[in-house]
Amino acid sequence: MIISALILCLYVFLKRTVRTKEQLNKHINLHDLGSLPHVRMKKRKKEEYNNLTLLNDRISPAYEEAVRRLRVRVMREAESENGGVIMVTSSVPGEGKTTTAVNLALAIAKQGKSVILADCDPRNPSVAEVLKDQGKHPGIGAVLRGKVSLQRALTIFQIPGTDAEMEVLYGGKPNAGDAALLGSRKMDNLIETLRMRADYVILDTAPADLLADASLLGKYVDFVLYVIRCDYTKVNKIRSGIETLTARNVNLLGYIFNDDVNQKSSRYGYGYGYGYGRYGRYGRYGRYSHYGKLKGTGQTEDEAGRVIKE
């Protein structure tokens, strides 16, 4: 019993994740934009019923309401600052940033606003998978390289059961070389074109503590929405990802606490916990694929102390 207790204590000490927003707020100083509850869903044969998006008519009302609250807060902040280009990122893979970006775009589009959802993660494009779009579309890399026009690359996505629609710029085939263009003047021009075309532009990007993509894109956007998954990411990874962005003076709108087990949402009362396993498979990142719950080295704290609490 003593050995078991020691092992448990050692596990808790080494894990260093956050299970509540109260714990999280002791380590970071970001605006709290709310929580998305943990969802338990009965596994069904039809794949569309296992999708954690607003496109799934079997999703729990509590989860839908949480997404709506997030939409209200994001739109209020964006309208007060007269900005509509929002980047969604996280610290490590598997935190649900792509699902959050898709749901936010869907929720805003349902309000009658014009929305463009852009997959800006060329190494591991995931928006098409979340939207269940199996078609072949030109990716953002093809647009930046001038191989196709933006008009041809944009795809109209009709939201089922509504008259609402949004435009989607998919990531295309995985290509690490396209990531080098994210910080270029061409990307700046592309975002400005998207800004003039829609009321809101939602950018899904690679994890901030994993790659430099998010920090490169951050200088072109109005706000950044930071996704933190409950009891998943180590504190040092969260802090390191935030520091990476603040070092470039990125405007962090706030964080959303995803998969919050303290606000469980279950329509069926049984089944299995719906997770984000498929988004954690970042094998295309090669040597970066060990990120997630596994150990990794942290970075030094921000000397200015603007975001990280001492």
# chains A, B, ... in the order shown; residues from 1 in each chain; ligands from 1
>>> select_by_dssp(residues="range 60-144 of chain A", states="alpha helix (DSSP H)", output="mmCIF file with C-alpha atoms, in the first residue's frame")
data_model
loop_
_atom_site.group_PDB
_atom_site.id
_atom_site.type_symbol
_atom_site.label_atom_id
_atom_site.label_comp_id
_atom_site.auth_asym_id
_atom_site.auth_seq_id
_atom_site.Cartn_x
_atom_site.Cartn_y
_atom_site.Cartn_z
ATOM 1 C CA PRO A 61 -27.847 20.804 -25.816
ATOM 2 C CA ALA A 62 -25.359 21.739 -23.088
ATOM 3 C CA TYR A 63 -22.465 21.521 -25.551
ATOM 4 C CA GLU A 64 -24.370 23.565 -28.127
ATOM 5 C CA GLU A 65 -25.115 26.202 -25.514
ATOM 6 C CA ALA A 66 -21.445 26.353 -24.521
ATOM 7 C CA VAL A 67 -20.462 26.951 -28.151
ATOM 8 C CA ARG A 68 -23.095 29.675 -28.433
ATOM 9 C CA ARG A 69 -21.736 31.409 -25.336
ATOM 10 C CA LEU A 70 -18.258 31.275 -26.833
ATOM 11 C CA ARG A 71 -19.594 32.744 -30.061
ATOM 12 C CA VAL A 72 -21.293 35.608 -28.215
ATOM 13 C CA ARG A 73 -18.133 36.494 -26.299
ATOM 14 C CA VAL A 74 -15.877 36.284 -29.331
ATOM 15 C CA MET A 75 -18.212 38.365 -31.501
ATOM 16 C CA ARG A 76 -18.618 40.977 -28.774
ATOM 17 C CA GLU A 77 -14.869 41.349 -28.373
ATOM 18 C CA ALA A 78 -14.280 41.403 -32.122
ATOM 19 C CA GLU A 79 -16.951 44.028 -32.778
ATOM 20 C CA SER A 80 -15.727 46.243 -29.939
ATOM 21 C CA LYS A 97 -8.405 23.365 -31.510
ATOM 22 C CA THR A 98 -9.630 22.339 -34.958
ATOM 23 C CA THR A 99 -12.997 21.209 -33.604
ATOM 24 C CA THR A 100 -13.273 24.492 -31.698
ATOM 25 C CA ALA A 101 -12.403 26.528 -34.795
ATOM 26 C CA VAL A 102 -14.978 24.658 -36.885
ATOM 27 C CA ASN A 103 -17.719 25.009 -34.265
ATOM 28 C CA LEU A 104 -16.998 28.709 -33.810
ATOM 29 C CA ALA A 105 -17.194 29.283 -37.563
ATOM 30 C CA LEU A 106 -20.454 27.324 -37.799
ATOM 31 C CA ALA A 107 -21.997 29.200 -34.872
ATOM 32 C CA ILE A 108 -21.120 32.609 -36.323
ATOM 33 C CA ALA A 109 -22.344 31.637 -39.802
ATOM 34 C CA VAL A 127 -10.599 20.912 -41.173
ATOM 35 C CA ALA A 128 -11.790 18.664 -44.016
ATOM 36 C CA GLU A 129 -11.837 15.668 -41.665
ATOM 37 C CA VAL A 130 -13.877 17.501 -39.031
ATOM 38 C CA ILE A 140 -3.846 27.081 -48.946
ATOM 39 C CA GLY A 141 -0.318 26.239 -50.085
ATOM 40 C CA ALA A 142 -1.440 26.130 -53.711
ATOM 41 C CA VAL A 143 -2.928 29.618 -53.317
ATOM 42 C CA LEU A 144 0.209 31.039 -51.708
#
>>> closest_residue(among="A:Ser114, A:His31, A:Val18, A:Arg40", to="Ile202 in chain A", atoms="only C-alpha atoms")
A:Ser114
>>> closest_residue(among="A:Gly241, A:Gly94, A:Gly112, A:Gly34", to="Met166 in chain A", atoms="only C-alpha atoms")
A:Gly112
>>> atom_distance(atom1="CA of Val85 in chain A", atom2="CA of Tyr200 in chain A")
5.9 Å
>>> residues_around(residues="Ala214 in chain A", least_positions_apart="6", cutoff="8 Å", atoms="only C-alpha atoms", output="number ranges by chain")
A: 89, 205-208, 245
>>> write_last_selection(atoms="N, CA, C and O atoms", output="compact mmCIF listing (two decimals), in the first residue's frame")
# COMPACT_ATOMS: atom_id res chain seq x y z
N THR A 89 -5.57 28.43 -31.82
CA THR A 89 -4.41 27.56 -31.65
C THR A 89 -4.44 26.95 -30.25
O THR A 89 -5.35 27.21 -29.46
N THR A 205 -4.68 26.80 -36.87
CA THR A 205 -3.23 26.73 -37.04
C THR A 205 -2.62 25.57 -36.25
O THR A 205 -3.30 24.93 -35.45
N ALA A 206 -1.35 25.36 -36.47
CA ALA A 206 -0.62 24.33 -35.74
C ALA A 206 -0.44 24.76 -34.28
O ALA A 206 -0.52 25.95 -33.96
N PRO A 207 -0.21 23.81 -33.37
CA PRO A 207 0.00 24.15 -31.95
C PRO A 207 1.17 25.11 -31.76
O PRO A 207 2.22 24.95 -32.38
N ALA A 208 0.98 26.07 -30.87
CA ALA A 208 1.97 27.15 -30.70
C ALA A 208 3.26 26.69 -30.06
O ALA A 208 4.33 27.25 -30.33
N LEU A 245 3.79 33.22 -28.28
CA LEU A 245 2.93 34.19 -28.95
C LEU A 245 3.15 35.61 -28.43
O LEU A 245 3.23 36.56 -29.21
>>> residues_around(residues="Pro122 in chain A", least_positions_apart="6", cutoff="6 Å", atoms="only C-alpha atoms", output="PDB file with all heavy atoms, in the first residue's frame")
ATOM      1  N   GLY A 171      -6.851  22.834 -46.287  1.00  0.00           N
ATOM      2  CA  GLY A 171      -5.396  22.757 -46.196  1.00  0.00           C
ATOM      3  C   GLY A 171      -4.737  21.999 -47.327  1.00  0.00           C
ATOM      4  O   GLY A 171      -3.527  22.086 -47.512  1.00  0.00           O
ATOM      5  N   PRO A 174      -1.032  17.280 -47.175  1.00  0.00           N
ATOM      6  CA  PRO A 174       0.018  17.667 -46.222  1.00  0.00           C
ATOM      7  C   PRO A 174       1.314  18.010 -46.943  1.00  0.00           C
ATOM      8  O   PRO A 174       1.799  17.259 -47.783  1.00  0.00           O
ATOM      9  CB  PRO A 174       0.189  16.417 -45.353  1.00  0.00           C
ATOM     10  CG  PRO A 174      -1.123  15.705 -45.458  1.00  0.00           C
ATOM     11  CD  PRO A 174      -1.613  15.954 -46.852  1.00  0.00           C
ATOM     12  N   ASN A 175       1.865  19.160 -46.618  1.00  0.00           N
ATOM     13  CA  ASN A 175       3.093  19.623 -47.254  1.00  0.00           C
ATOM     14  C   ASN A 175       3.824  20.544 -46.289  1.00  0.00           C
ATOM     15  O   ASN A 175       3.408  21.674 -46.060  1.00  0.00           O
ATOM     16  CB  ASN A 175       2.772  20.362 -48.556  1.00  0.00           C
ATOM     17  CG  ASN A 175       4.029  20.710 -49.347  1.00  0.00           C
ATOM     18  OD1 ASN A 175       5.132  20.689 -48.819  1.00  0.00           O
ATOM     19  ND2 ASN A 175       3.860  21.023 -50.620  1.00  0.00           N
ATOM     20  N   ALA A 179       4.447  25.435 -45.082  1.00  0.00           N
ATOM     21  CA  ALA A 179       4.464  26.140 -43.800  1.00  0.00           C
ATOM     22  C   ALA A 179       5.427  27.326 -43.829  1.00  0.00           C
ATOM     23  O   ALA A 179       5.240  28.306 -43.103  1.00  0.00           O
ATOM     24  CB  ALA A 179       4.846  25.179 -42.679  1.00  0.00           C
TER      25      ALA A 179
END
>>> select_by_dssp(residues="range 171-248 of chain A", states="strand (DSSP E or B)", output="ChimeraX atom specification")
/A:200-205,223-229,234
>>> closest_residue(among="A:Ile238, A:Cys230, A:Pro93, A:Ile256", to="Arg19 in chain A", atoms="only C-alpha atoms")
A:Cys230
>>> closest_residue(among="A:Ile116, A:Leu252, A:Leu210, A:Leu216", to="Leu154 in chain A", atoms="only C-alpha atoms")
A:Ile116
>>> atom_distance(atom1="CA of Asp121 in chain A", atom2="CA of Asp213 in chain A")
7.9 Å
>>> closest_residue(among="A:Ser126, A:Thr162, A:Ser4, A:Gln23", to="Val235 in chain A", atoms="only C-alpha atoms")
A:Gln23
>>> closest_residue(among="A:Val261, A:Ile159, A:Leu182, A:Ile86", to="Gln111 in chain A", atoms="only C-alpha atoms")
A:Ile159
>>> decode(residues="range 69-87 of chain A", atoms="N, CA and C atoms", output="short mmCIF file (atom, residue, chain, number, x, y, z; two decimals), in the first residue's frame")
data_model
loop_
_atom_site.label_atom_id
_atom_site.label_comp_id
_atom_site.auth_asym_id
_atom_site.auth_seq_id
_atom_site.Cartn_x
_atom_site.Cartn_y
_atom_site.Cartn_z
N ARG A 69 -22.30 30.41 -26.26
CA ARG A 69 -21.74 31.41 -25.34
C ARG A 69 -20.36 31.86 -25.80
N LEU A 70 -19.57 30.91 -26.30
CA LEU A 70 -18.26 31.27 -26.83
C LEU A 70 -18.41 32.20 -28.02
N ARG A 71 -19.36 31.89 -28.89
CA ARG A 71 -19.59 32.74 -30.06
C ARG A 71 -19.98 34.16 -29.66
N VAL A 72 -20.85 34.28 -28.67
CA VAL A 72 -21.29 35.61 -28.21
C VAL A 72 -20.11 36.42 -27.69
N ARG A 73 -19.27 35.78 -26.88
CA ARG A 73 -18.13 36.49 -26.30
C ARG A 73 -17.11 36.89 -27.35
N VAL A 74 -16.85 35.98 -28.28
CA VAL A 74 -15.88 36.28 -29.33
C VAL A 74 -16.39 37.40 -30.23
N MET A 75 -17.66 37.33 -30.63
CA MET A 75 -18.21 38.37 -31.50
C MET A 75 -18.26 39.72 -30.80
N ARG A 76 -18.58 39.72 -29.51
CA ARG A 76 -18.62 40.98 -28.77
C ARG A 76 -17.24 41.62 -28.72
N GLU A 77 -16.22 40.82 -28.43
CA GLU A 77 -14.87 41.35 -28.37
C GLU A 77 -14.40 41.83 -29.74
N ALA A 78 -14.72 41.05 -30.77
CA ALA A 78 -14.28 41.40 -32.12
C ALA A 78 -14.94 42.69 -32.60
N GLU A 79 -16.23 42.83 -32.33
CA GLU A 79 -16.95 44.03 -32.78
C GLU A 79 -16.51 45.27 -32.01
N SER A 80 -16.17 45.09 -30.73
CA SER A 80 -15.73 46.24 -29.94
C SER A 80 -14.37 46.75 -30.41
N GLU A 81 -13.56 45.84 -30.94
CA GLU A 81 -12.23 46.23 -31.43
C GLU A 81 -12.21 46.40 -32.95
N ASN A 82 -13.37 46.21 -33.58
CA ASN A 82 -13.48 46.39 -35.03
C ASN A 82 -12.50 45.49 -35.78
N GLY A 83 -12.45 44.23 -35.34
CA GLY A 83 -11.57 43.27 -36.01
C GLY A 83 -12.26 41.93 -36.16
N GLY A 84 -12.01 41.26 -37.26
CA GLY A 84 -12.72 40.01 -37.51
C GLY A 84 -11.86 38.84 -37.93
N VAL A 85 -10.54 38.96 -37.84
CA VAL A 85 -9.65 37.84 -38.19
C VAL A 85 -9.17 37.19 -36.90
N ILE A 86 -9.62 35.96 -36.66
CA ILE A 86 -9.37 35.28 -35.40
C ILE A 86 -8.59 33.99 -35.65
N MET A 87 -7.48 33.83 -34.99
CA MET A 87 -6.67 32.63 -35.10
C MET A 87 -6.94 31.73 -33.90
#
